[in-house]
file structure-v3.txt (compact mmCIF, C-alpha atoms)
# COMPACT_ATOMS: atom_id res chain seq x y z
CA MET U 1 18.78 4.36 -46.52
CA ALA U 2 17.44 7.89 -46.96
CA ALA U 3 16.42 10.18 -44.11
CA PRO U 4 13.32 12.34 -44.53
CA LEU U 5 14.00 15.46 -46.61
CA SER U 6 12.35 18.82 -46.87
CA VAL U 7 12.54 20.16 -50.45
CA GLU U 8 10.84 22.87 -52.46
CA VAL U 9 9.43 21.70 -55.79
CA GLU U 10 8.48 24.45 -58.21
CA PHE U 11 6.80 24.43 -61.64
CA GLY U 12 6.93 27.16 -64.28
CA GLY U 13 6.53 27.98 -67.96
CA GLY U 14 3.08 26.42 -68.01
CA ALA U 15 4.02 23.14 -66.29
CA GLU U 16 2.10 24.35 -63.23
CA LEU U 17 -1.14 23.74 -65.14
CA LEU U 18 -0.61 20.02 -64.57
CA PHE U 19 -0.42 20.64 -60.83
CA ASP U 20 -3.66 22.53 -60.25
CA GLY U 21 -1.96 25.79 -61.19
CA VAL U 22 0.12 25.72 -58.02
CA LYS U 23 3.70 26.80 -58.72
CA LYS U 24 5.48 26.23 -55.41
CA HIS U 25 5.16 23.08 -53.35
CA GLN U 26 6.96 22.58 -50.05
CA VAL U 27 7.29 18.81 -49.76
CA THR U 28 8.58 16.43 -47.15
CA LEU U 29 9.97 13.23 -48.61
CA PRO U 30 9.66 10.37 -46.17
CA ARG U 31 12.36 8.09 -44.84
CA GLN U 32 12.89 5.18 -47.26
CA GLU U 33 15.30 2.44 -48.33
CA GLU U 34 16.43 3.93 -51.66
CA PRO U 35 18.24 7.26 -51.78
CA TRP U 36 16.28 10.35 -52.74
CA ASP U 37 17.63 11.16 -56.17
CA ILE U 38 15.80 13.00 -58.97
CA ARG U 39 14.71 9.69 -60.49
CA ASN U 40 12.87 8.75 -57.31
CA LEU U 41 11.61 12.29 -56.85
CA LEU U 42 9.89 12.08 -60.25
CA VAL U 43 8.18 8.86 -59.23
CA TRP U 44 7.04 10.55 -56.02
CA ILE U 45 5.80 13.64 -57.93
CA LYS U 46 3.86 11.49 -60.37
CA LYS U 47 2.20 9.66 -57.52
CA ASN U 48 1.55 12.54 -55.13
CA LEU U 49 1.45 15.88 -56.98
CA LEU U 50 0.62 15.33 -60.64
CA LYS U 51 -3.08 16.00 -61.22
CA GLU U 52 -3.54 15.15 -64.89
CA ARG U 53 -1.96 13.93 -68.13
CA PRO U 54 1.30 12.45 -66.79
CA GLU U 55 2.61 12.00 -70.35
CA LEU U 56 2.95 15.80 -70.63
CA PHE U 57 5.42 15.85 -67.75
CA ILE U 58 7.11 12.46 -67.58
CA GLN U 59 8.50 10.25 -70.33
CA GLY U 60 9.95 6.92 -69.25
CA ASP U 61 11.87 7.53 -66.06
CA SER U 62 12.75 11.12 -66.93
CA VAL U 63 10.99 14.38 -67.76
CA ARG U 64 9.44 14.92 -71.17
CA PRO U 65 11.95 16.49 -73.62
CA GLY U 66 11.42 20.24 -73.51
CA ILE U 67 11.06 20.44 -69.73
CA LEU U 68 14.08 22.08 -68.08
CA VAL U 69 15.17 21.04 -64.60
CA LEU U 70 17.02 23.46 -62.33
CA ILE U 71 18.36 22.30 -58.98
CA ASN U 72 19.18 25.22 -56.68
CA ASP U 73 19.11 27.43 -59.77
CA ALA U 74 21.59 25.30 -61.72
CA ASP U 75 20.87 23.16 -64.82
CA TRP U 76 20.61 19.53 -63.74
CA GLU U 77 23.04 18.63 -66.58
CA LEU U 78 25.82 20.01 -64.39
CA LEU U 79 24.75 17.95 -61.40
CA GLY U 80 24.21 14.46 -62.76
CA GLU U 81 20.60 14.76 -63.95
CA LEU U 82 18.50 11.86 -62.66
CA ASP U 83 21.34 10.62 -60.44
CA TYR U 84 21.69 13.81 -58.41
CA GLN U 85 21.25 13.00 -54.70
CA LEU U 86 18.80 15.42 -53.08
CA GLN U 87 19.84 17.24 -49.91
CA ASP U 88 17.69 18.82 -47.24
CA GLN U 89 16.37 22.30 -48.24
CA ASP U 90 17.18 21.77 -51.94
CA SER U 91 14.99 23.54 -54.47
CA VAL U 92 14.00 21.80 -57.72
CA LEU U 93 12.37 23.86 -60.49
CA PHE U 94 10.74 22.35 -63.59
CA ILE U 95 10.24 24.86 -66.43
CA SER U 96 8.28 23.86 -69.51
CA THR U 97 9.47 25.31 -72.82
CA LEU U 98 6.67 23.67 -74.80
CA HIS U 99 4.50 26.56 -75.87
CA GLY U 100 4.52 29.41 -78.35
CA GLY U 101 6.68 32.44 -77.74
CA MET E 1 28.68 16.94 -56.17
CA PRO E 2 28.30 20.71 -56.51
CA ALA E 3 28.34 22.52 -59.85
CA PRO E 4 31.76 23.57 -61.19
CA PRO E 5 32.80 27.23 -60.91
CA CYS E 6 31.86 29.71 -63.63
CA THR E 7 34.58 29.74 -66.32
CA SER E 8 34.01 33.44 -66.97
CA CYS E 9 34.01 35.19 -63.59
CA HIS E 10 35.50 32.31 -61.53
CA ALA E 11 33.54 33.72 -58.62
CA ALA E 12 30.10 32.10 -58.66
CA ARG E 13 29.09 28.48 -59.21
CA ALA E 14 28.11 27.65 -62.80
CA ALA E 15 24.37 27.50 -63.45
CA LEU E 16 24.43 25.94 -66.92
CA ARG E 17 26.60 24.61 -69.71
CA ARG E 18 26.23 26.31 -73.10
CA PRO E 19 25.11 23.75 -75.68
CA ARG E 20 27.53 24.74 -78.42
CA SER E 21 30.75 25.45 -76.57
CA GLY E 22 30.17 23.33 -73.48
CA GLN E 23 31.33 26.33 -71.42
CA ALA E 24 30.03 26.39 -67.82
CA LEU E 25 28.68 29.81 -66.82
CA CYS E 26 26.89 31.33 -63.82
CA GLY E 27 23.49 33.01 -64.35
CA ALA E 28 24.84 36.55 -64.56
CA CYS E 29 27.67 35.69 -67.00
CA PHE E 30 25.28 33.64 -69.14
CA CYS E 31 22.87 36.58 -69.42
CA SER E 32 25.72 38.90 -70.42
CA ALA E 33 26.91 36.40 -73.04
CA PHE E 34 23.36 35.99 -74.37
CA GLU E 35 22.95 39.77 -74.73
CA ALA E 36 26.37 40.10 -76.36
CA GLU E 37 25.42 37.44 -78.91
CA VAL E 38 22.19 39.19 -79.83
CA LEU E 39 24.12 42.43 -80.23
CA HIS E 40 26.61 40.63 -82.45
CA THR E 41 23.83 39.11 -84.59
CA VAL E 42 22.34 42.56 -85.12
CA LEU E 43 25.64 44.35 -85.79
CA ALA E 44 27.26 41.67 -87.98
CA GLY E 45 24.13 41.40 -90.11
CA ARG E 46 23.59 45.17 -90.15
CA LEU E 47 20.02 44.35 -89.22
CA LEU E 48 18.94 47.49 -87.34
CA PRO E 49 20.82 50.62 -88.39
CA PRO E 50 20.98 53.76 -86.19
CA GLY E 51 17.75 55.72 -86.43
CA ALA E 52 15.65 52.63 -87.08
CA VAL E 53 12.12 52.60 -85.65
CA VAL E 54 11.75 48.94 -84.75
CA ALA E 55 8.34 47.29 -84.44
CA VAL E 56 8.64 44.31 -82.10
CA GLY E 57 6.06 41.60 -82.68
CA ALA E 58 4.93 41.15 -79.08
CA SER E 59 2.73 38.22 -78.10
CA GLY E 60 3.38 38.17 -74.38
CA GLY E 61 5.16 34.85 -74.83
CA LYS E 62 8.66 33.87 -73.81
CA ASP E 63 10.44 34.68 -77.07
CA SER E 64 9.01 38.14 -77.74
CA THR E 65 9.37 39.02 -74.05
CA VAL E 66 13.07 38.16 -74.11
CA LEU E 67 13.48 39.89 -77.48
CA ALA E 68 11.89 43.13 -76.30
CA HIS E 69 13.81 43.10 -73.02
CA VAL E 70 17.18 42.54 -74.71
CA LEU E 71 16.57 45.09 -77.47
CA ARG E 72 15.42 47.64 -74.92
CA GLY E 73 18.75 47.23 -73.16
CA LEU E 74 20.67 47.47 -76.44
CA ALA E 75 18.60 50.33 -77.92
CA PRO E 76 20.83 53.20 -76.74
CA ARG E 77 23.94 51.40 -78.02
CA LEU E 78 22.27 50.71 -81.39
CA GLY E 79 20.59 54.10 -81.66
CA ILE E 80 17.16 52.60 -82.32
CA SER E 81 13.69 53.20 -80.90
CA LEU E 82 11.18 50.46 -80.13
CA GLN E 83 7.45 50.08 -80.70
CA LEU E 84 5.54 47.06 -79.42
CA VAL E 85 2.99 45.68 -81.88
CA ALA E 86 0.62 42.98 -80.66
CA VAL E 87 -1.73 41.02 -82.91
CA ASP E 88 -5.18 40.06 -81.66
CA GLU E 89 -6.24 37.05 -83.71
CA GLY E 90 -9.55 36.78 -81.89
CA ILE E 91 -8.98 33.54 -80.02
CA GLY E 92 -11.25 33.60 -77.00
CA GLY E 93 -9.76 32.76 -73.65
CA TYR E 94 -6.22 32.64 -74.98
CA ARG E 95 -5.35 35.89 -76.72
CA ASP E 96 -7.11 38.10 -74.14
CA ALA E 97 -4.94 36.65 -71.39
CA ALA E 98 -1.80 36.99 -73.51
CA LEU E 99 -2.63 40.61 -74.38
CA ALA E 100 -3.01 41.37 -70.69
CA ALA E 101 0.59 40.17 -70.26
CA VAL E 102 1.75 42.42 -73.14
CA ARG E 103 0.02 45.42 -71.60
CA ARG E 104 1.77 44.77 -68.27
CA GLN E 105 5.08 44.55 -70.07
CA ALA E 106 4.47 47.75 -72.06
CA ALA E 107 3.74 49.59 -68.82
CA ARG E 108 6.76 48.16 -67.01
CA TRP E 109 9.13 48.86 -69.91
CA GLU E 110 7.50 52.21 -70.72
CA LEU E 111 7.25 51.29 -74.39
CA PRO E 112 4.39 52.31 -76.71
CA LEU E 113 2.00 49.46 -77.58
CA THR E 114 -0.28 49.14 -80.61
CA VAL E 115 -2.77 46.27 -80.93
CA VAL E 116 -4.08 45.22 -84.35
CA ALA E 117 -7.06 42.86 -84.58
CA TYR E 118 -7.89 40.36 -87.34
CA GLU E 119 -11.51 41.30 -86.90
CA ASP E 120 -10.82 44.84 -88.03
CA LEU E 121 -8.29 44.07 -90.72
CA PHE E 122 -9.91 41.06 -92.34
CA GLY E 123 -13.58 41.85 -92.62
CA GLY E 124 -14.78 40.35 -89.38
CA TRP E 125 -12.81 37.10 -89.57
CA THR E 126 -11.47 36.15 -86.13
CA MET E 127 -9.45 32.95 -85.76
CA ASP E 128 -12.33 31.42 -83.84
CA ALA E 129 -14.57 32.10 -86.87
CA VAL E 130 -11.94 30.66 -89.22
CA ALA E 131 -11.66 27.58 -87.02
CA ARG E 132 -15.42 27.05 -87.13
CA SER E 133 -15.35 27.52 -90.88
CA THR E 134 -12.60 24.98 -91.39
CA ALA E 135 -13.86 22.43 -88.91
CA GLY E 136 -14.98 19.11 -90.29
CA SER E 137 -12.92 19.43 -93.47
CA GLY E 138 -11.70 15.86 -93.07
CA ARG E 139 -8.06 16.12 -92.08
CA SER E 140 -6.84 18.44 -89.32
CA ARG E 141 -8.42 21.84 -89.45
CA SER E 142 -5.51 23.78 -90.87
CA CYS E 143 -6.76 26.96 -89.22
CA CYS E 144 -3.14 27.49 -88.19
CA THR E 145 -2.24 27.81 -91.86
CA PHE E 146 -4.53 30.83 -92.04
CA CYS E 147 -3.20 32.31 -88.84
CA GLY E 148 0.43 32.26 -89.95
CA VAL E 149 -0.34 34.15 -93.15
CA LEU E 150 -2.78 36.62 -91.64
CA ARG E 151 -0.58 37.34 -88.63
CA ARG E 152 2.29 38.35 -90.91
CA ARG E 153 -0.03 40.72 -92.71
CA ALA E 154 -1.42 42.12 -89.45
CA LEU E 155 2.06 42.71 -88.07
CA GLU E 156 3.02 44.55 -91.25
CA GLU E 157 -0.06 46.75 -90.91
CA GLY E 158 0.62 47.48 -87.24
CA ALA E 159 4.23 48.35 -88.00
CA ARG E 160 3.18 50.77 -90.74
CA ARG E 161 0.72 52.46 -88.39
CA VAL E 162 3.48 53.33 -85.96
CA GLY E 163 5.89 54.47 -88.66
CA ALA E 164 8.30 51.59 -88.21
CA THR E 165 11.24 51.09 -90.54
CA HIS E 166 11.94 47.50 -89.47
CA ILE E 167 10.04 44.57 -87.98
CA VAL E 168 11.61 42.12 -85.51
CA THR E 169 10.14 38.86 -84.30
CA GLY E 170 11.29 36.51 -81.56
CA HIS E 171 11.86 33.35 -83.62
CA ASN E 172 14.55 31.25 -81.96
CA ALA E 173 16.80 28.51 -83.38
CA ASP E 174 14.29 25.79 -82.52
CA ASP E 175 11.54 27.63 -84.43
CA MET E 176 13.84 27.93 -87.43
CA ALA E 177 14.75 24.24 -87.27
CA GLU E 178 11.09 23.21 -86.99
CA THR E 179 10.29 25.33 -90.04
CA VAL E 180 13.06 23.63 -92.02
CA LEU E 181 11.63 20.21 -91.11
CA MET E 182 8.10 21.28 -91.98
CA ASN E 183 9.14 22.63 -95.36
CA PHE E 184 10.97 19.39 -96.15
CA LEU E 185 8.03 17.29 -95.05
CA ARG E 186 5.61 19.29 -97.18
CA GLY E 187 7.85 19.40 -100.22
CA ASP E 188 7.78 23.19 -100.06
CA THR E 189 11.03 23.87 -101.88
CA GLY E 190 10.11 27.50 -102.45
CA ARG E 191 10.04 28.17 -98.73
CA LEU E 192 13.13 26.09 -98.12
CA ALA E 193 15.01 28.31 -100.50
CA ARG E 194 13.70 31.53 -98.99
CA GLY E 195 13.68 30.55 -95.36
CA GLY E 196 17.32 30.85 -94.43
CA GLY E 197 19.52 33.86 -93.92
CA LEU E 198 18.94 36.66 -91.56
CA GLY E 199 15.40 37.57 -92.49
CA SER E 200 13.72 39.36 -95.36
CA PRO E 201 15.27 42.48 -96.80
CA GLY E 202 11.82 43.80 -97.59
CA GLU E 203 10.87 43.32 -101.21
CA GLY E 204 7.74 44.57 -102.90
CA GLY E 205 7.13 47.35 -100.43
CA ALA E 206 7.19 45.11 -97.36
CA LEU E 207 9.16 46.31 -94.35
CA PRO E 208 12.49 44.58 -93.71
CA ARG E 209 12.16 41.86 -91.08
CA CYS E 210 14.69 40.03 -88.99
CA ARG E 211 14.96 37.64 -86.07
CA PRO E 212 17.65 38.73 -83.63
CA LEU E 213 17.18 35.59 -81.52
CA GLN E 214 17.47 33.16 -84.41
CA PHE E 215 20.78 31.70 -83.21
CA ALA E 216 19.60 31.32 -79.63
CA SER E 217 18.28 27.90 -78.69
CA GLN E 218 14.84 27.80 -77.09
CA LYS E 219 16.32 26.40 -73.91
CA GLU E 220 18.63 29.37 -73.58
CA VAL E 221 15.78 31.81 -74.22
CA VAL E 222 13.83 30.25 -71.35
CA LEU E 223 16.88 30.22 -69.06
CA TYR E 224 17.58 33.88 -69.87
CA ALA E 225 14.00 34.77 -68.97
CA HIS E 226 14.42 32.81 -65.73
CA PHE E 227 17.68 34.45 -64.65
CA ARG E 228 16.42 37.93 -65.56
CA ARG E 229 13.14 37.21 -63.76
CA LEU E 230 11.02 38.18 -66.78
CA ASP E 231 7.26 37.74 -66.55
CA TYR E 232 5.74 36.10 -69.64
CA PHE E 233 2.58 34.29 -70.72
CA SER E 234 3.12 30.57 -71.03
CA GLU E 235 -0.08 28.92 -72.16
CA GLU E 236 -0.45 27.07 -75.42
CA CYS E 237 -2.82 28.41 -78.07
CA VAL E 238 -6.06 26.44 -77.95
CA TYR E 239 -5.61 25.44 -81.61
CA ALA E 240 -1.95 24.48 -81.30
CA PRO E 241 -2.56 20.74 -80.80
CA GLU E 242 -3.94 20.67 -84.36
CA ALA E 243 -1.00 22.43 -85.96
CA PHE E 244 1.34 20.45 -88.18
CA ARG E 245 4.27 22.15 -86.45
CA GLY E 246 3.63 19.94 -83.42
CA HIS E 247 4.90 16.90 -85.33
CA ALA E 248 8.05 18.73 -86.35
CA ARG E 249 8.54 19.91 -82.77
CA ASP E 250 8.21 16.42 -81.28
CA LEU E 251 10.70 15.04 -83.79
CA LEU E 252 13.11 17.89 -83.12
CA LYS E 253 12.96 17.40 -79.35
CA ARG E 254 13.75 13.68 -79.73
CA LEU E 255 16.60 14.46 -82.13
CA GLU E 256 17.97 17.08 -79.76
CA ALA E 257 18.01 14.63 -76.87
CA ALA E 258 20.18 12.31 -78.93
CA ARG E 259 22.33 15.03 -80.46
CA PRO E 260 22.14 18.50 -78.84
CA SER E 261 23.63 20.33 -81.83
CA ALA E 262 20.93 18.97 -84.18
CA VAL E 263 18.85 22.13 -83.85
CA LEU E 264 21.48 24.53 -85.12
CA ASP E 265 22.88 21.95 -87.57
CA LEU E 266 19.47 21.68 -89.28
CA VAL E 267 19.30 25.43 -89.82
CA HIS E 268 22.88 25.40 -91.04
CA SER E 269 22.11 22.65 -93.58
CA ALA E 270 19.07 24.45 -94.92
CA GLU E 271 21.03 27.65 -95.47
CA ARG E 272 23.50 25.79 -97.63
CA LEU E 273 21.04 23.99 -99.88
CA ALA E 274 21.10 24.73 -103.56
CA LEU E 275 17.89 23.92 -105.36
CA ALA E 276 17.74 22.06 -108.65
CA ALA E 277 16.91 24.44 -111.51
CA SER E 278 13.45 22.96 -111.95
CA ALA E 279 12.64 23.59 -108.29
CA ARG E 280 13.48 27.25 -108.10
CA PRO E 281 10.43 29.39 -107.39
CA PRO E 282 9.30 32.01 -109.93
CA ARG E 283 10.25 35.65 -109.37
CA PRO E 284 7.53 37.17 -107.22
CA GLY E 285 5.25 39.88 -108.57
CA ALA E 286 2.49 41.90 -106.94
CA CYS E 287 -0.92 40.68 -105.79
CA SER E 288 -3.56 41.77 -108.30
CA ARG E 289 -5.86 42.70 -105.43
CA CYS E 290 -3.88 44.33 -102.67
CA GLY E 291 -0.46 44.87 -104.24
CA ALA E 292 1.52 42.87 -101.71
CA LEU E 293 4.39 40.60 -102.75
CA ALA E 294 2.97 37.47 -104.38
CA SER E 295 4.28 34.56 -106.43
CA ARG E 296 0.90 34.11 -108.11
CA ALA E 297 -1.87 36.48 -109.21
CA LEU E 298 -3.24 36.64 -105.65
CA CYS E 299 -1.11 36.84 -102.53
CA GLN E 300 -1.62 34.19 -99.89
CA ALA E 301 -3.67 36.40 -97.58
CA CYS E 302 -6.11 37.42 -100.35
CA ALA E 303 -6.33 33.85 -101.60
CA LEU E 304 -7.07 32.45 -98.13
CA LEU E 305 -9.66 35.13 -97.36
CA ASP E 306 -11.22 34.52 -100.76
CA GLY E 307 -11.66 30.87 -99.93
CA LEU E 308 -13.17 31.70 -96.53
CA ASN E 309 -15.62 34.19 -97.96
CA ARG E 310 -16.77 31.77 -100.60
CA GLY E 311 -17.40 29.08 -98.02
CA ARG E 312 -14.60 27.03 -99.51
CA PRO E 313 -11.88 27.43 -96.89
CA ARG E 314 -9.54 24.80 -98.33
CA LEU E 315 -9.47 26.58 -101.69
CA ALA E 316 -6.07 28.17 -101.25
CA ILE E 317 -4.42 25.52 -99.11
CA GLY E 318 -1.87 23.13 -100.44
CA LYS E 319 0.03 23.05 -103.70
CA GLY E 320 -1.65 23.96 -106.94
CA ARG E 321 -4.62 25.83 -105.46
CA ARG E 322 -6.84 24.08 -107.94
CA GLY E 323 -10.12 25.76 -108.71
CA LEU E 324 -9.04 29.17 -107.54
CA ASP E 325 -10.39 31.85 -109.80
CA GLU E 326 -7.64 34.34 -109.59
CA GLN E 327 -9.51 36.97 -111.52
CA ALA E 328 -12.28 37.15 -108.93
CA THR E 329 -13.92 40.55 -108.61
CA PRO E 330 -12.14 42.87 -106.24
CA GLY E 331 -14.43 44.51 -103.71
CA THR E 332 -16.00 41.26 -102.47
CA PRO E 333 -16.33 40.98 -98.67
CA GLY E 334 -13.05 40.32 -96.96
CA ASP E 335 -11.03 42.18 -99.58
CA PRO E 336 -8.15 43.42 -97.47
CA ALA E 337 -7.53 46.24 -99.92
CA GLN E 338 -10.87 47.71 -98.95
CA THR E 339 -11.56 49.64 -95.79
CA PRO E 340 -13.65 47.24 -93.72
CA THR E 341 -17.25 48.47 -93.69
CA PRO E 342 -19.90 47.35 -91.19
CA LYS E 343 -18.72 44.01 -89.96
CA ALA E 344 -19.09 41.27 -92.51
CA VAL E 345 -19.82 38.70 -89.86
CA PRO E 346 -19.47 35.34 -91.51
CA THR E 347 -22.48 33.01 -91.58
CA PHE E 348 -22.18 29.29 -92.07
call {"tool": "encode", "arguments": {"input": "structure-v3.txt", "output": "structure tokens"}}
result
Amino acid sequence: MAAPLSVEVEFGGGAELLFDGVKKHQVTLPRQEEPWDIRNLLVWIKKNLLKERPELFIQGDSVRPGILVLINDADWELLGELDYQLQDQDSVLFISTLHGG
Amino acid sequence: MPAPPCTSCHAARAALRRPRSGQALCGACFCSAFEAEVLHTVLAGRLLPPGAVVAVGASGGKDSTVLAHVLRGLAPRLGISLQLVAVDEGIGGYRDAALAAVRRQAARWELPLTVVAYEDLFGGWTMDAVARSTAGSGRSRSCCTFCGVLRRRALEEGARRVGATHIVTGHNADDMAETVLMNFLRGDTGRLARGGGLGSPGEGGALPRCRPLQFASQKEVVLYAHFRRLDYFSEECVYAPEAFRGHARDLLKRLEAARPSAVLDLVHSAERLALAASARPPRPGACSRCGALASRALCQACALLDGLNRGRPRLAIGKGRRGLDEQATPGTPGDPAQTPTPKAVPTF
């Protein structure tokens, strides 16, 4: 049983183009049965924030390879990736690396 | 579960784990390690000697932004000076925005910036014009094939204009690995043989080139830019979806997900290949038209432009270059050895 959570979801490196060009989103995740982990957050983002071409952001139940995920400025690899349990006031940043340099 | 502590400073929480060593580092320690590695690449390879005037290929993108920022920090230690050189391929809507980013960077870093345009160098041919010319040729347009060759030439020209002694580009490990895959997939053994190592020493009058970021994975380049709060341009070129490199990139990303060291391992493998005697490329000579390094009578740039100007854009693409008259009269429009006269705007 998850309480409602207030989190900041941010997009960078070009990923913001899939979200109307808006980089920072302050979101409130509602109370629900399942816990709010990154897996469920992605489902929520796909349903509520993603404006176009979901295949450029999400692949299966995770992010497309080449999209980095930082939770409170730390690589999600250190925090359990999709299984990380979100806490109130967490900040999740998705940076796309999929473009020329 | 919070992140483990940084294994370097033991003070802050770790922000990432380095792909090769698995070492957990905080943002600040990671950035220091990244910079130290670039310094090591340059020093160990004797890439940029003291006194070098280094032209940095600057596109406004993540790699060249990180490259310029790191080299600027290392410049006093290395005793080098930096010049930013940006190439304007003439891609409407994309390159203008990217150049605006480069100009902002040049101002912020207080580095001189020179912009060279295809339109001026190549007799009026912008990439948009090349794309129109190569459209409808059956398979994918291959305008990216032109761009790769012409950009190299444009960068060389820009570097000469500013009196550079060396050229650096921001190619990272992922770029190198993608190139290895592409060369394998195209059967381009000549490029496979030449592609490894630390860059080109500069044969046939060309300036020496190197890639100080070539051992840095793309992910780490992006993370460095993030932790150093660097502003870069992150849109994809409008023609990129048509480029063959996209296939290599997709494959590489999937491979990396299964085996994170695959990127660097691929580059490693390619460097250690020995070609069969029959596959070794001929010793390069000089282009009969412009004098640049060439393995045939015409260098790639002249051959490609020749094809464009004759309305046969696919003439110089692919192996064999069948039908190419390599004794074609110099002085025809688009001859890069000529000073461009009133714009030879292509008509189709």
call {"tool": "atom_distance", "arguments": {"input": "structure-v3.txt", "atom1": "CA of Leu192 in chain E", "atom2": "CA of Leu155 in chain E"}}
result
22.4 Å
call {"tool": "residues_around", "arguments": {"input": "structure-v3.txt", "residues": "range 11-20 of chain U", "least_positions_apart": "3", "cutoff": "9 Å", "atoms": "all atoms listed in the file", "output": "mmCIF file with C-alpha atoms, in the frame of the given file"}}
result
data_model
loop_
_atom_site.group_PDB
_atom_site.id
_atom_site.type_symbol
_atom_site.label_atom_id
_atom_site.label_comp_id
_atom_site.auth_asym_id
_atom_site.auth_seq_id
_atom_site.Cartn_x
_atom_site.Cartn_y
_atom_site.Cartn_z
ATOM 1 C CA LYS U 23 3.700 26.800 -58.720
ATOM 2 C CA LYS U 24 5.480 26.230 -55.410
ATOM 3 C CA HIS U 25 5.160 23.080 -53.350
ATOM 4 C CA LEU U 49 1.450 15.880 -56.980
ATOM 5 C CA LEU U 50 0.620 15.330 -60.640
ATOM 6 C CA LYS U 51 -3.080 16.000 -61.220
ATOM 7 C CA GLU U 52 -3.540 15.150 -64.890
ATOM 8 C CA ARG U 53 -1.960 13.930 -68.130
ATOM 9 C CA PRO U 54 1.300 12.450 -66.790
ATOM 10 C CA LEU U 56 2.950 15.800 -70.630
ATOM 11 C CA PHE U 57 5.420 15.850 -67.750
ATOM 12 C CA ILE U 67 11.060 20.440 -69.730
ATOM 13 C CA VAL U 92 14.000 21.800 -57.720
ATOM 14 C CA LEU U 93 12.370 23.860 -60.490
ATOM 15 C CA PHE U 94 10.740 22.350 -63.590
ATOM 16 C CA ILE U 95 10.240 24.860 -66.430
ATOM 17 C CA SER U 96 8.280 23.860 -69.510
ATOM 18 C CA THR U 97 9.470 25.310 -72.820
ATOM 19 C CA LEU U 98 6.670 23.670 -74.800
ATOM 20 C CA HIS U 99 4.500 26.560 -75.870
ATOM 21 C CA LYS E 62 8.660 33.870 -73.810
ATOM 22 C CA VAL E 222 13.830 30.250 -71.350
ATOM 23 C CA TYR E 232 5.740 36.100 -69.640
ATOM 24 C CA PHE E 233 2.580 34.290 -70.720
ATOM 25 C CA SER E 234 3.120 30.570 -71.030
ATOM 26 C CA GLU E 235 -0.080 28.920 -72.160
ATOM 27 C CA GLU E 236 -0.450 27.070 -75.420
#
call {"tool": "atom_distance", "arguments": {"input": "structure-v3.txt", "atom1": "CA of Glu178 in chain E", "atom2": "CA of Glu220 in chain E"}}
result
16.6 Å
call {"tool": "closest_atom_pairs", "arguments": {"input": "structure-v3.txt", "of": "range 139-198 of chain E", "to": "range 101-117 of chain E", "cutoff": "10 Å", "atoms": "only C-alpha atoms", "output": "JSON lines"}}
result
{"residue": "E:Arg151", "atom": "CA", "partner": "E:Ala117", "partner_atom": "CA", "distance": 9.4}
{"residue": "E:Ala154", "atom": "CA", "partner": "E:Val116", "partner_atom": "CA", "distance": 6.5}
{"residue": "E:Leu155", "atom": "CA", "partner": "E:Val116", "partner_atom": "CA", "distance": 7.6}
{"residue": "E:Glu156", "atom": "CA", "partner": "E:Val116", "partner_atom": "CA", "distance": 9.9}
{"residue": "E:Glu157", "atom": "CA", "partner": "E:Val116", "partner_atom": "CA", "distance": 7.8}
{"residue": "E:Gly158", "atom": "CA", "partner": "E:Val116", "partner_atom": "CA", "distance": 6.0}
{"residue": "E:Ala159", "atom": "CA", "partner": "E:Thr114", "partner_atom": "CA", "distance": 8.7}
{"residue": "E:Arg161", "atom": "CA", "partner": "E:Thr114", "partner_atom": "CA", "distance": 8.5}
{"residue": "E:Val162", "atom": "CA", "partner": "E:Thr114", "partner_atom": "CA", "distance": 7.8}
